[in-house]
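*Asks:* This one is final-v7.cif, mmCIF, C-alpha atoms and all ligand atoms.
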data_coords
#
loop_
_atom_site.label_atom_id
_atom_site.label_comp_id
_atom_site.auth_asym_id
_atom_site.auth_seq_id
_atom_site.Cartn_x
_atom_site.Cartn_y
_atom_site.Cartn_z
CA MET A 1 -16.67 50.33 -20.51
CA SER A 2 -17.91 46.74 -20.45
CA SER A 3 -19.74 45.38 -17.43
CA PHE A 4 -17.81 42.11 -17.66
CA ASP A 5 -16.16 41.21 -14.37
CA ALA A 6 -13.88 38.16 -14.32
CA ARG A 7 -13.85 38.28 -10.51
CA ARG A 8 -17.58 37.69 -10.48
CA VAL A 9 -17.10 34.69 -12.80
CA ARG A 10 -14.44 33.42 -10.38
CA ALA A 11 -16.80 33.80 -7.44
CA ASP A 12 -19.39 31.77 -9.40
CA THR A 13 -16.89 28.93 -10.00
CA PRO A 14 -16.47 26.65 -6.97
CA ALA A 15 -13.49 24.71 -8.38
CA LEU A 16 -11.40 27.89 -8.18
CA ALA A 17 -11.57 27.78 -4.38
CA ARG A 18 -9.37 24.63 -4.31
CA ILE A 19 -6.03 24.75 -2.54
CA ILE A 20 -3.30 22.76 -4.33
CA ASN A 21 0.07 22.13 -2.66
CA GLY A 22 -0.77 24.84 -0.15
CA GLN A 23 -1.52 27.39 -2.87
CA ARG A 24 -4.75 28.66 -4.32
CA ILE A 25 -5.32 26.91 -7.62
CA THR A 26 -4.18 28.75 -10.76
CA TYR A 27 -6.24 27.11 -13.45
CA LEU A 28 -4.67 27.52 -16.88
CA ASP A 29 -6.06 24.44 -18.60
CA SER A 30 -9.37 25.69 -19.98
CA GLY A 31 -8.31 24.50 -23.44
CA ALA A 32 -8.45 20.93 -22.11
CA THR A 33 -11.62 21.41 -20.08
CA SER A 34 -13.24 24.42 -18.46
CA LEU A 35 -14.58 24.90 -14.95
CA PRO A 36 -18.36 25.03 -14.59
CA PRO A 37 -20.09 27.79 -12.65
CA ARG A 38 -22.54 26.97 -9.86
CA ALA A 39 -25.46 27.61 -12.25
CA VAL A 40 -24.38 24.60 -14.35
CA ILE A 41 -23.86 22.31 -11.37
CA GLU A 42 -27.22 23.36 -9.90
CA ALA A 43 -29.05 22.78 -13.18
CA MET A 44 -27.73 19.22 -13.22
CA SER A 45 -28.56 18.69 -9.53
CA ARG A 46 -32.08 20.03 -10.13
CA TYR A 47 -32.61 17.39 -12.78
CA TYR A 48 -31.38 14.58 -10.50
CA GLU A 49 -33.19 15.85 -7.40
CA LEU A 50 -36.51 16.99 -8.83
CA ARG A 51 -37.19 15.65 -12.31
CA HIS A 52 -35.11 12.56 -12.90
CA ALA A 53 -37.00 10.71 -15.62
CA ASN A 54 -36.37 9.57 -19.16
CA VAL A 55 -37.16 11.89 -22.04
CA HIS A 56 -39.54 11.60 -25.00
CA ARG A 57 -41.31 8.55 -23.58
CA SER A 58 -43.49 8.91 -20.49
CA VAL A 59 -46.36 11.33 -19.87
CA PHE A 60 -46.04 11.79 -16.10
CA GLN A 61 -45.13 15.25 -14.89
CA THR A 62 -41.46 14.82 -14.08
CA ALA A 63 -40.90 13.09 -17.43
CA SER A 64 -42.52 16.02 -19.23
CA GLU A 65 -40.28 18.38 -17.26
CA ALA A 66 -37.18 16.32 -18.14
CA THR A 67 -38.15 16.43 -21.82
CA ALA A 68 -38.74 20.19 -21.61
CA THR A 69 -35.31 20.65 -20.02
CA TYR A 70 -33.61 18.51 -22.66
CA GLU A 71 -35.36 20.18 -25.59
CA GLY A 72 -34.92 23.59 -23.95
CA ALA A 73 -31.16 23.04 -24.02
CA ARG A 74 -31.40 22.38 -27.75
CA GLU A 75 -33.22 25.71 -28.16
CA SER A 76 -30.57 27.50 -26.08
CA VAL A 77 -27.72 26.05 -28.14
CA ALA A 78 -29.47 26.95 -31.42
CA HIS A 79 -29.82 30.54 -30.21
CA PHE A 80 -26.20 30.66 -28.99
CA ILE A 81 -24.72 29.69 -32.36
CA ASN A 82 -27.48 31.41 -34.39
CA ALA A 83 -28.61 28.24 -36.16
CA PRO A 84 -30.75 29.54 -39.02
CA GLY A 85 -33.17 26.61 -38.79
CA GLY A 86 -33.38 26.67 -34.97
CA ALA A 87 -33.31 23.73 -32.56
CA GLY A 88 -34.19 21.19 -35.27
CA GLU A 89 -30.64 21.53 -36.58
CA VAL A 90 -28.89 20.78 -33.27
CA VAL A 91 -27.88 17.16 -32.59
CA PHE A 92 -26.56 16.19 -29.17
CA THR A 93 -23.52 13.90 -29.29
CA LYS A 94 -21.00 12.83 -26.67
CA ASN A 95 -18.36 15.43 -27.59
CA THR A 96 -16.59 17.09 -30.54
CA THR A 97 -14.89 13.81 -31.37
CA GLU A 98 -18.20 11.99 -31.73
CA SER A 99 -19.56 14.88 -33.81
CA PHE A 100 -16.74 14.40 -36.34
CA ASN A 101 -17.25 10.65 -36.34
CA LEU A 102 -20.94 11.26 -37.04
CA LEU A 103 -20.03 13.61 -39.89
CA ALA A 104 -17.51 11.22 -41.48
CA LYS A 105 -19.58 8.08 -41.01
CA SER A 106 -23.03 9.38 -41.88
CA TRP A 107 -22.56 12.30 -44.30
CA GLY A 108 -19.14 11.10 -45.50
CA GLU A 109 -20.17 7.56 -46.43
CA ALA A 110 -23.33 8.81 -48.15
CA ASN A 111 -21.68 11.60 -50.14
CA LEU A 112 -18.02 10.73 -50.75
CA SER A 113 -16.39 8.04 -52.84
CA GLU A 114 -13.04 7.15 -54.36
CA GLY A 115 -11.38 10.16 -55.96
CA ASP A 116 -13.15 12.70 -53.76
CA VAL A 117 -10.99 14.83 -51.50
CA VAL A 118 -11.47 16.03 -47.91
CA LEU A 119 -9.26 19.05 -47.23
CA LEU A 120 -8.07 19.43 -43.63
CA SER A 121 -5.25 21.53 -42.21
CA GLU A 122 -1.97 20.59 -40.59
CA MET A 123 -3.15 22.18 -37.33
CA GLU A 124 -6.13 19.88 -36.76
CA HIS A 125 -6.82 17.97 -33.57
CA HIS A 126 -6.85 14.17 -34.07
CA ALA A 127 -10.66 14.37 -33.73
CA ASN A 128 -10.73 16.03 -37.15
CA ILE A 129 -8.12 13.75 -38.73
CA VAL A 130 -8.61 10.16 -37.65
CA PRO A 131 -12.32 9.83 -38.66
CA TRP A 132 -11.29 10.94 -42.19
CA PHE A 133 -8.45 8.40 -42.33
CA MET A 134 -10.97 5.75 -41.23
CA LEU A 135 -13.32 6.90 -44.00
CA ARG A 136 -10.41 6.75 -46.45
CA GLU A 137 -9.87 3.08 -45.50
CA ARG A 138 -13.54 2.34 -46.24
CA THR A 139 -14.07 4.42 -49.39
CA GLY A 140 -10.73 5.32 -51.01
CA ILE A 141 -11.18 9.09 -50.59
CA GLU A 142 -8.10 11.30 -50.49
CA VAL A 143 -7.27 13.34 -47.38
CA ARG A 144 -5.28 16.49 -48.12
CA PHE A 145 -3.84 19.12 -45.78
CA ILE A 146 -3.51 22.91 -45.90
CA PRO A 147 0.06 23.57 -44.70
CA VAL A 148 0.93 25.81 -41.75
CA THR A 149 3.39 28.69 -42.22
CA ASP A 150 6.48 29.25 -40.08
CA ASP A 151 4.54 32.00 -38.31
CA PHE A 152 1.80 29.58 -37.32
CA ARG A 153 -0.94 30.54 -39.79
CA LEU A 154 -2.72 28.52 -42.47
CA ASP A 155 -0.77 28.82 -45.72
CA LEU A 156 -3.56 29.74 -48.12
CA SER A 157 -1.25 30.87 -50.92
CA SER A 158 -2.08 27.78 -53.04
CA VAL A 159 -5.59 27.19 -51.80
CA ASP A 160 -7.16 27.16 -55.28
CA GLU A 161 -4.83 24.30 -56.32
CA LEU A 162 -5.49 22.49 -53.06
CA MET A 163 -9.24 22.73 -53.74
CA GLU A 164 -9.14 20.45 -56.80
CA ASP A 165 -11.68 17.58 -56.37
CA VAL A 166 -12.41 18.73 -52.80
CA LYS A 167 -15.94 17.91 -51.64
CA LEU A 168 -15.46 18.97 -48.02
CA VAL A 169 -13.15 21.39 -46.23
CA SER A 170 -12.89 20.57 -42.52
CA VAL A 171 -10.85 22.95 -40.35
CA THR A 172 -10.58 24.17 -36.82
CA ALA A 173 -11.82 27.66 -35.96
CA MET A 174 -8.98 27.95 -33.44
CA SER A 175 -5.93 25.75 -32.93
CA ASN A 176 -5.74 24.06 -29.54
CA VAL A 177 -1.94 24.21 -29.72
CA LEU A 178 -1.06 27.49 -31.46
CA GLY A 179 -4.06 29.61 -30.48
CA THR A 180 -4.31 30.66 -34.15
CA ILE A 181 -7.81 31.78 -35.15
CA ASN A 182 -8.46 30.73 -38.73
CA PRO A 183 -10.32 32.79 -41.38
CA VAL A 184 -13.37 30.54 -41.40
CA LYS A 185 -15.65 32.93 -43.25
CA GLU A 186 -13.15 33.30 -46.12
CA LEU A 187 -12.57 29.55 -46.21
CA ALA A 188 -16.33 29.00 -46.40
CA ALA A 189 -16.54 31.34 -49.39
CA THR A 190 -13.62 29.52 -51.06
CA ALA A 191 -15.15 26.09 -50.40
CA HIS A 192 -18.54 27.13 -51.77
CA ALA A 193 -16.98 28.77 -54.84
CA HIS A 194 -15.46 25.36 -55.62
CA GLY A 195 -18.74 23.52 -55.00
CA ALA A 196 -17.54 22.03 -51.68
CA LEU A 197 -19.05 22.14 -48.19
CA ILE A 198 -17.21 23.25 -45.05
CA ALA A 199 -17.14 21.76 -41.54
CA VAL A 200 -15.71 23.72 -38.64
CA ASP A 201 -14.25 22.41 -35.38
CA GLY A 202 -15.50 24.88 -32.77
CA ALA A 203 -14.09 23.06 -29.72
CA GLN A 204 -11.62 25.85 -28.92
CA SER A 205 -13.55 28.82 -30.26
CA VAL A 206 -17.08 28.44 -29.00
CA ALA A 207 -16.43 29.47 -25.39
CA HIS A 208 -14.16 32.36 -26.27
CA ASP A 209 -15.92 34.50 -28.86
CA VAL A 210 -19.25 35.05 -30.59
CA THR A 211 -20.32 32.15 -32.84
CA ASP A 212 -22.71 32.84 -35.71
CA VAL A 213 -22.92 29.86 -38.06
CA ALA A 214 -25.32 31.75 -40.35
CA ASP A 215 -22.98 34.72 -40.75
CA LEU A 216 -19.95 32.45 -41.24
CA ASP A 217 -22.00 30.63 -43.91
CA ILE A 218 -20.62 27.25 -42.88
CA ASP A 219 -22.27 23.85 -43.30
CA PHE A 220 -21.25 21.84 -40.21
CA PHE A 221 -20.14 22.90 -36.73
CA ALA A 222 -18.93 20.71 -33.84
CA PHE A 223 -18.12 21.45 -30.21
CA SER A 224 -18.05 20.03 -26.65
CA ALA A 225 -19.97 21.33 -23.63
CA HIS A 226 -17.07 20.71 -21.25
CA LYS A 227 -14.91 23.31 -22.98
CA MET A 228 -17.63 25.97 -22.58
CA LEU A 229 -18.24 25.83 -18.82
CA GLY A 230 -20.62 22.89 -19.25
CA PRO A 231 -20.40 19.25 -18.21
CA THR A 232 -18.48 16.36 -19.78
CA GLY A 233 -20.47 13.77 -21.72
CA ILE A 234 -22.33 16.01 -24.16
CA GLY A 235 -21.34 17.72 -27.38
CA VAL A 236 -23.04 19.29 -30.36
CA PHE A 237 -23.21 18.57 -34.06
CA TRP A 238 -24.91 21.29 -36.09
CA THR A 239 -25.75 21.31 -39.75
CA ARG A 240 -28.37 22.98 -41.93
CA ALA A 241 -31.77 21.26 -41.88
CA GLU A 242 -31.69 20.26 -45.54
CA ILE A 243 -28.33 18.49 -45.04
CA LEU A 244 -29.42 16.85 -41.77
CA ASP A 245 -32.64 15.57 -43.34
CA ALA A 246 -30.65 13.76 -46.04
CA MET A 247 -28.10 12.19 -43.67
CA PRO A 248 -28.49 8.48 -42.85
CA PRO A 249 -28.56 7.46 -39.18
CA PHE A 250 -25.31 6.93 -37.28
CA LEU A 251 -26.18 4.64 -34.35
CA GLY A 252 -29.26 2.41 -34.28
CA GLY A 253 -31.62 1.62 -31.40
CA GLY A 254 -34.41 3.18 -29.38
CA GLY A 255 -35.32 6.81 -29.81
CA MET A 256 -34.08 7.20 -33.39
CA ILE A 257 -36.84 5.24 -35.11
CA ALA A 258 -40.31 5.98 -36.47
CA ASP A 259 -41.20 2.27 -36.66
CA VAL A 260 -39.62 -1.14 -36.25
CA ARG A 261 -41.12 -4.31 -37.70
CA LEU A 262 -39.80 -7.85 -37.91
CA ASP A 263 -38.63 -7.10 -41.44
CA GLY A 264 -37.04 -3.70 -40.94
CA TYR A 265 -37.24 -0.20 -39.50
CA SER A 266 -37.85 3.39 -40.47
CA CYS A 267 -36.13 6.42 -38.95
CA ALA A 268 -37.43 9.39 -37.00
CA GLY A 269 -36.87 12.81 -38.51
CA GLY A 270 -34.80 15.69 -37.18
CA PRO A 271 -32.01 15.51 -34.61
CA THR A 272 -33.51 12.54 -32.73
CA ARG A 273 -32.59 10.32 -35.71
CA PHE A 274 -29.00 10.72 -34.52
CA GLU A 275 -29.67 10.32 -30.78
CA ALA A 276 -30.14 6.57 -30.29
CA GLY A 277 -30.72 5.35 -26.73
CA THR A 278 -31.19 7.35 -23.55
CA PRO A 279 -29.40 10.62 -24.18
CA PRO A 280 -27.27 12.67 -21.73
CA ILE A 281 -30.23 14.41 -20.05
CA ALA A 282 -28.55 15.86 -16.95
CA GLU A 283 -25.68 16.96 -19.18
CA ALA A 284 -28.10 18.71 -21.53
CA ALA A 285 -29.52 20.56 -18.51
CA GLY A 286 -25.95 21.60 -17.66
CA LEU A 287 -25.16 22.61 -21.23
CA GLY A 288 -28.31 24.73 -21.42
CA ALA A 289 -27.30 26.48 -18.19
CA ALA A 290 -23.73 26.99 -19.49
CA VAL A 291 -25.01 28.61 -22.66
CA ARG A 292 -27.31 30.92 -20.72
CA TYR A 293 -24.47 31.80 -18.35
CA LEU A 294 -22.11 32.64 -21.23
CA GLU A 295 -24.83 34.68 -22.92
CA GLY A 296 -25.22 36.57 -19.65
CA LEU A 297 -21.50 37.40 -19.69
CA GLY A 298 -21.66 38.41 -23.36
CA MET A 299 -19.33 36.55 -25.71
CA ALA A 300 -17.87 39.75 -27.12
CA ASN A 301 -16.93 40.74 -23.54
CA VAL A 302 -15.35 37.33 -22.92
CA ALA A 303 -13.33 37.66 -26.15
CA GLU A 304 -12.14 41.15 -25.20
CA HIS A 305 -11.15 40.02 -21.70
CA GLU A 306 -9.19 37.01 -22.94
CA ARG A 307 -7.52 39.03 -25.72
CA ALA A 308 -6.25 41.52 -23.11
CA LEU A 309 -4.95 38.68 -20.90
CA THR A 310 -3.25 37.00 -23.86
CA GLY A 311 -1.62 40.21 -25.08
CA ASP A 312 -0.30 40.93 -21.59
CA ALA A 313 1.03 37.38 -21.20
CA LEU A 314 2.78 37.36 -24.61
CA THR A 315 4.48 40.68 -23.86
CA ARG A 316 5.60 39.66 -20.39
CA LEU A 317 6.81 36.20 -21.42
CA GLY A 318 8.95 37.88 -24.09
CA LEU A 319 10.37 40.49 -21.70
CA GLU A 320 10.99 38.05 -18.87
CA PHE A 321 12.49 35.07 -20.69
CA GLU A 322 13.56 36.37 -24.13
CA ASP A 323 14.75 33.29 -26.08
CA ARG A 324 14.65 30.86 -23.14
CA VAL A 325 10.91 30.45 -23.56
CA ARG A 326 9.58 30.28 -27.11
CA VAL A 327 5.88 30.82 -27.77
CA ILE A 328 4.70 28.22 -30.31
CA GLY A 329 1.99 30.36 -31.85
CA PRO A 330 1.36 33.85 -33.24
CA ALA A 331 3.38 36.47 -31.37
CA ASP A 332 0.57 39.02 -30.98
CA THR A 333 -3.19 38.93 -30.49
CA THR A 334 -4.08 39.42 -34.16
CA HIS A 335 -6.35 36.47 -34.98
CA ARG A 336 -5.20 34.44 -32.01
CA GLY A 337 -6.90 33.34 -28.83
CA GLY A 338 -5.91 32.60 -25.26
CA VAL A 339 -4.08 29.30 -25.80
CA ILE A 340 -0.34 29.77 -25.26
CA SER A 341 2.00 26.88 -26.03
CA LEU A 342 5.51 27.19 -24.70
CA ASP A 343 8.81 25.53 -25.48
CA VAL A 344 11.16 26.08 -22.55
CA GLU A 345 14.74 25.70 -23.73
CA GLY A 346 16.43 22.65 -22.21
CA VAL A 347 13.48 21.67 -19.99
CA HIS A 348 11.03 18.91 -20.91
CA PRO A 349 7.40 20.09 -20.90
CA HIS A 350 6.47 17.41 -18.35
CA ASP A 351 9.16 18.74 -15.98
CA VAL A 352 7.89 22.29 -16.47
CA ALA A 353 4.34 21.17 -15.70
CA GLN A 354 5.49 19.30 -12.60
CA VAL A 355 7.29 22.36 -11.22
CA LEU A 356 4.26 24.52 -12.02
CA ASP A 357 2.07 22.07 -10.09
CA GLN A 358 4.12 22.92 -6.99
CA PHE A 359 2.78 26.46 -7.42
CA GLY A 360 -0.78 25.21 -7.83
CA VAL A 361 -0.63 25.97 -11.56
CA CYS A 362 -2.61 23.65 -13.84
CA VAL A 363 -1.22 23.50 -17.40
CA ARG A 364 -1.12 20.78 -20.02
CA PRO A 365 2.16 19.23 -21.21
CA GLY A 366 2.11 16.95 -24.25
CA HIS A 367 1.26 16.73 -27.92
CA HIS A 368 -2.29 18.00 -27.37
CA CYS A 369 -3.74 15.37 -29.74
CA ALA A 370 -2.19 17.23 -32.67
CA LYS A 371 0.78 15.04 -33.58
CA PRO A 372 1.04 16.13 -37.25
CA LEU A 373 1.34 19.74 -36.07
CA MET A 374 3.99 18.86 -33.49
CA ARG A 375 5.96 17.08 -36.23
CA ARG A 376 5.62 20.16 -38.44
CA PHE A 377 7.51 22.15 -35.81
CA SER A 378 9.85 19.28 -34.80
CA LEU A 379 8.59 19.29 -31.23
CA PRO A 380 7.65 16.20 -29.22
CA ALA A 381 5.52 18.30 -26.89
CA THR A 382 4.82 21.76 -25.53
CA VAL A 383 3.53 23.03 -22.23
CA ARG A 384 0.24 24.83 -22.81
CA ALA A 385 -1.44 27.50 -20.70
CA SER A 386 -4.99 28.41 -21.69
CA TYR A 387 -7.37 31.05 -20.37
CA GLY A 388 -11.08 31.11 -19.61
CA PRO A 389 -13.53 33.86 -18.68
CA TYR A 390 -12.54 33.48 -15.01
CA SER A 391 -8.80 34.01 -15.69
CA LEU A 392 -6.99 37.02 -14.25
CA VAL A 393 -3.62 38.73 -14.77
CA ARG A 394 -2.72 37.21 -11.40
CA ASP A 395 -2.81 33.77 -13.09
CA THR A 396 -0.12 34.94 -15.51
CA ASP A 397 1.92 36.30 -12.57
CA VAL A 398 1.95 32.86 -10.94
CA LEU A 399 2.70 31.15 -14.26
CA ILE A 400 5.73 33.38 -14.83
CA GLU A 401 6.99 32.85 -11.30
CA GLY A 402 6.67 29.08 -11.73
CA LEU A 403 8.44 29.18 -15.10
CA ARG A 404 11.27 31.15 -13.50
CA HIS A 405 11.70 28.39 -10.91
CA ALA A 406 11.52 25.63 -13.53
CA ILE A 407 14.28 27.27 -15.54
CA GLU A 408 16.48 27.80 -12.45
CA MET A 409 15.93 24.24 -11.31
CA PHE A 410 16.85 22.64 -14.64
CA ALA A 411 19.47 25.19 -15.80
C1 LIG A 501 -9.61 21.78 -31.47
C2 LIG A 501 -10.16 20.58 -30.78
N1 LIG A 501 -10.93 19.71 -31.45
C3 LIG A 501 -11.45 18.63 -30.89
C4 LIG A 501 -11.21 18.32 -29.57
C5 LIG A 501 -11.80 17.09 -28.98
O1 LIG A 501 -12.71 17.42 -27.98
P1 LIG A 501 -13.38 16.26 -27.13
O2 LIG A 501 -12.26 15.52 -26.47
O3 LIG A 501 -14.27 16.97 -26.17
O4 LIG A 501 -14.11 15.39 -28.09
C6 LIG A 501 -10.40 19.17 -28.82
C7 LIG A 501 -10.08 18.84 -27.41
O5 LIG A 501 -9.05 19.21 -26.90
C8 LIG A 501 -9.86 20.32 -29.44
O6 LIG A 501 -9.10 21.17 -28.75
#
So, in terms of C-alpha cells, how does the structure I just supplied come out?

*Replies:*
Amino acid sequence: MSSFDARRVRADTPALARIINGQRITYLDSGATSLPPRAVIEAMSRYYELRHANVHRSVFQTASEATATYEGARESVAHFINAPGGAGEVVFTKNTTESFNLLAKSWGEANLSEGDVVLLSEMEHHANIVPWFMLRERTGIEVRFIPVTDDFRLDLSSVDELMEDVKLVSVTAMSNVLGTINPVKELAATAHAHGALIAVDGAQSVAHDVTDVADLDIDFFAFSAHKMLGPTGIGVFWTRAEILDAMPPFLGGGGMIADVRLDGYSCAGGPTRFEAGTPPIAEAAGLGAAVRYLEGLGMANVAEHERALTGDALTRLGLEFEDRVRVIGPADTTHRGGVISLDVEGVHPHDVAQVLDQFGVCVRPGHHCAKPLMRRFSLPATVRASYGPYSLVRDTDVLIEGLRHAIEMFA
C-alpha cells in the first residue's frame, strides 16, 4: 500500500481552493501547466524577501546565498533525472522550447550539414519541429518523421529504413495530445546502433513518472519547470558532459564568458556557457523546491495514481458516451499517461470547453501545438483533460457531468 495521498497534495496547492462560476475549481489542464504547491511559492518568496541578489558575481552574504540556491537547484535537478555527470550537465533555459532551440542552433549547426537527417515523429509538439525546420533552412538537412498508427502509437515497423543517414532522433517521451508513452529506451538503442544520437522531449513525462536519463541511455533531455509543479520562466536542457563541452555557445553576453578583450572573447566551461545574462534565480529556487516536493511524493507513486485515474476515466467515458465521445489516444493505460483528448461528436471543442467552464472545469481546447498530428487524424482540434498528482476521481465525475450537459445543449 503506497503512502501517496492526492488529498494531501491538494491541501498543499493553494490554487485548488479557487471558486470558479460558483463551483470549486476542477483543474484538468496540468498538461498545459501544473499548479505549484506552497513549498514552491514559499521558496520563491524566500529568495525575494531574504536573499534577493544576483548570482555568481558578488561576495556579500545574500549574494552567496542566492548563488547557493541557484546551484542547489541544479544539483536537485541532476539527482531527479539521474544525470550521470551530475549538476555540470544541467543547463537552465527558459522552457522546453528554448531547450530545443539551443539543441538545434548550437549542437545542430556544429554537427549537421546538408544530407544529414533529423528523425522526428508525427506526434511532436511544435517545439520539437520548428527549430529543426529553421535549421533545415540554414543548413539543408532533411527532417523526416516516424508515422503514427491508427491506434495512436509510433509506427516503428520500418524504423531501420527510416534511420538511413539519420544523425539525430528527436522524439517526445509522451504525447501532449494522445497521452501515448513512447518506447524511448528502445529508440535510444536503435539510434545508437545506427550511429545516431537521441534527444527526448520530457515536457509531458517528467512530472508523471520516474526519469532516469542514464538508464534510458539517451543523449539529450528537455523539459519545463511549469509542467512539474514549478514556476514559469525556467526549463532544463540536459546532455552528457562530453557533448556539452563540445557545444558552441547559444546566446552571448555576461556570465557565459571566461574573458572578453577588444579583439574577441573566450567562453566559460560547463552549463554557464549557455546561461548568458542574469538567469531566472527565483524560478530556479522554485524549480528546486518542486523537484524536492515531487521526490517526496515518489514519482512511482505519482505514476501509479495517475494511471489509476486515467484507467477509470477511459472506462467511464466509454460506458457513459459510447461513440458520442471519441478518445483520441490509446484506449487503455498500456504505455499511456493521464492526457485524454476528446472529440465530442457534433460539438466544437471550444464550445465543450466553454460549457465545462460553467462547471468550474479547466480543460484545453485546440490543436495543442501539434498541428501535423491533428492533420494526421483529420481533426482541427480536440478538447483535452490532463491529470496531475493532485487530481482525484471527483475531477472525472465533474468532467463527465459537464460533458453530458455540453452534449445535451448542442444536440
Ligand atoms: C510535449 C511538449 N513539448 C514541448 C512543450 C513546450 O513547452 P513550453 O511551452 O514550456 O516550452 C509542450 C508544452 O505544452 C509539450 O507538451

*Asks:* How would you report the residues lying within 9 Å of ligand LIG 501 (chain A), as a PyMOL selection string, if you count all atoms listed in the file?

*Replies:* chain A and resi 31-33+94-100+123-128+172-177+201-205+222-227+232-235+368-370

*Asks:* Would you mind exporting C-alpha atoms of the selected residues as an mmCIF file, in the coordinates of the input?

*Replies:*
data_model
loop_
_atom_site.group_PDB
_atom_site.id
_atom_site.type_symbol
_atom_site.label_atom_id
_atom_site.label_comp_id
_atom_site.auth_asym_id
_atom_site.auth_seq_id
_atom_site.Cartn_x
_atom_site.Cartn_y
_atom_site.Cartn_z
ATOM 1 C CA GLY A 31 -8.310 24.500 -23.440
ATOM 2 C CA ALA A 32 -8.450 20.930 -22.110
ATOM 3 C CA THR A 33 -11.620 21.410 -20.080
ATOM 4 C CA LYS A 94 -21.000 12.830 -26.670
ATOM 5 C CA ASN A 95 -18.360 15.430 -27.590
ATOM 6 C CA THR A 96 -16.590 17.090 -30.540
ATOM 7 C CA THR A 97 -14.890 13.810 -31.370
ATOM 8 C CA GLU A 98 -18.200 11.990 -31.730
ATOM 9 C CA SER A 99 -19.560 14.880 -33.810
ATOM 10 C CA PHE A 100 -16.740 14.400 -36.340
ATOM 11 C CA MET A 123 -3.150 22.180 -37.330
ATOM 12 C CA GLU A 124 -6.130 19.880 -36.760
ATOM 13 C CA HIS A 125 -6.820 17.970 -33.570
ATOM 14 C CA HIS A 126 -6.850 14.170 -34.070
ATOM 15 C CA ALA A 127 -10.660 14.370 -33.730
ATOM 16 C CA ASN A 128 -10.730 16.030 -37.150
ATOM 17 C CA THR A 172 -10.580 24.170 -36.820
ATOM 18 C CA ALA A 173 -11.820 27.660 -35.960
ATOM 19 C CA MET A 174 -8.980 27.950 -33.440
ATOM 20 C CA SER A 175 -5.930 25.750 -32.930
ATOM 21 C CA ASN A 176 -5.740 24.060 -29.540
ATOM 22 C CA VAL A 177 -1.940 24.210 -29.720
ATOM 23 C CA ASP A 201 -14.250 22.410 -35.380
ATOM 24 C CA GLY A 202 -15.500 24.880 -32.770
ATOM 25 C CA ALA A 203 -14.090 23.060 -29.720
ATOM 26 C CA GLN A 204 -11.620 25.850 -28.920
ATOM 27 C CA SER A 205 -13.550 28.820 -30.260
ATOM 28 C CA ALA A 222 -18.930 20.710 -33.840
ATOM 29 C CA PHE A 223 -18.120 21.450 -30.210
ATOM 30 C CA SER A 224 -18.050 20.030 -26.650
ATOM 31 C CA ALA A 225 -19.970 21.330 -23.630
ATOM 32 C CA HIS A 226 -17.070 20.710 -21.250
ATOM 33 C CA LYS A 227 -14.910 23.310 -22.980
ATOM 34 C CA THR A 232 -18.480 16.360 -19.780
ATOM 35 C CA GLY A 233 -20.470 13.770 -21.720
ATOM 36 C CA ILE A 234 -22.330 16.010 -24.160
ATOM 37 C CA GLY A 235 -21.340 17.720 -27.380
ATOM 38 C CA HIS A 368 -2.290 18.000 -27.370
ATOM 39 C CA CYS A 369 -3.740 15.370 -29.740
ATOM 40 C CA ALA A 370 -2.190 17.230 -32.670
#

*Asks:* So, counting all atoms listed in the file, which residue among A:Arg51, A:Arg364, A:Arg57, A:Arg316 is closest to Thr396 (chain A)?

*Replies:*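 Among A:Arg51, A:Arg364, A:Arg57, A:Arg316, it is A:Arg316 that comes nearest to Thr396 (chain A).
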
*Asks:* Between CA of Val77 (chain A) and CA of Tyr390 (chain A), what distance in Å does the model show, to one decimal?

*Replies:*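 Answer for the CA of Val77 (chain A) to CA of Tyr390 (chain A) separation: 21.4 Å.
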
*Asks:* Using only C-alpha atoms, which of A:Val148, A:Ala191, A:Leu28, A:Ala411 sits nearest Leu178 (chain A)?

*Replies:*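 Among the listed residues, the smallest separation from Leu178 (chain A) belongs to A:Val148.
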
*Asks:* Can you work out which one of A:Leu112, A:Leu156, A:Leu187, A:Ala241 has the shortest atom-to-atom distance to Gly86 (chain A), counting only C-alpha atoms?

*Replies:*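 Ranking A:Leu112, A:Leu156, A:Leu187, A:Ala241 by distance to Gly86 (chain A), first place goes to A:Ala241.
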
*Asks:* Kindly indicate which residue among A:Asp155, A:Glu186, A:Glu75, A:Asp245 lies nearest to Trp107 (chain A), using only C-alpha atoms for the distances.

*Replies:*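 Going through A:Asp155, A:Glu186, A:Glu75, A:Asp245 one by one, the smallest distance to Trp107 (chain A) is for A:Asp245.
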
*Asks:* What is the distance between CA of Leu317 (chain A) and CA of Pro36 (chain A), in Å to one decimal?

*Replies:* 28.4 Å

*Asks:* Compile the contact shell of Arg38 (chain A) as an NGL selection string: residues with an atom at most 9 Å away, counting only C-alpha atoms, same-chain residues fewer than 5 positions apart removed.

*Replies:* :A and (12-14 or 43)

*Asks:* In Å, how far is it from CA of Leu168 (chain A) to CA of Leu379 (chain A)?

*Replies:*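 The value is 29.3 Å.
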
*Asks:* If you count only C-alpha atoms, which residues fall within 12 Å of Glu137 (chain A), apart from same-chain ones fewer than 4 positions away, as a list in words?

*Replies:*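 The filter keeps Ala104, Lys105, Glu109, Ser113, Glu114, Val130, Pro131, Trp132, Phe133, Ile141, Glu142 and Val143 of chain A.
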
*Asks:* With C-alpha atoms kept, could you save the residues just selected as a tab-separated table (two decimals), keeping the file's coordinate frame?

*Replies:*
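Once written, part_32.tsv looks like this:
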chain	number	residue	atom	x	y	z
A	104	ALA	CA	-17.51	11.22	-41.48
A	105	LYS	CA	-19.58	8.08	-41.01
A	109	GLU	CA	-20.17	7.56	-46.43
A	113	SER	CA	-16.39	8.04	-52.84
A	114	GLU	CA	-13.04	7.15	-54.36
A	130	VAL	CA	-8.61	10.16	-37.65
A	131	PRO	CA	-12.32	9.83	-38.66
A	132	TRP	CA	-11.29	10.94	-42.19
A	133	PHE	CA	-8.45	8.40	-42.33
A	141	ILE	CA	-11.18	9.09	-50.59
A	142	GLU	CA	-8.10	11.30	-50.49
A	143	VAL	CA	-7.27	13.34	-47.38

*Asks:* Which residues of region 302-324 of chain A sit at most 12 Å from region 274-297 of chain A, using only C-alpha atoms? Give each one's shortest atom pair and distance in Å (one decimal place), in chain and ascending residue order, as CSV.

*Replies:*
residue,atom,partner,partner_atom,distance
A:Val302,CA,A:Leu297,CA,6.9
A:Ala303,CA,A:Leu297,CA,10.4
A:Glu304,CA,A:Leu297,CA,11.5
A:His305,CA,A:Leu297,CA,10.9
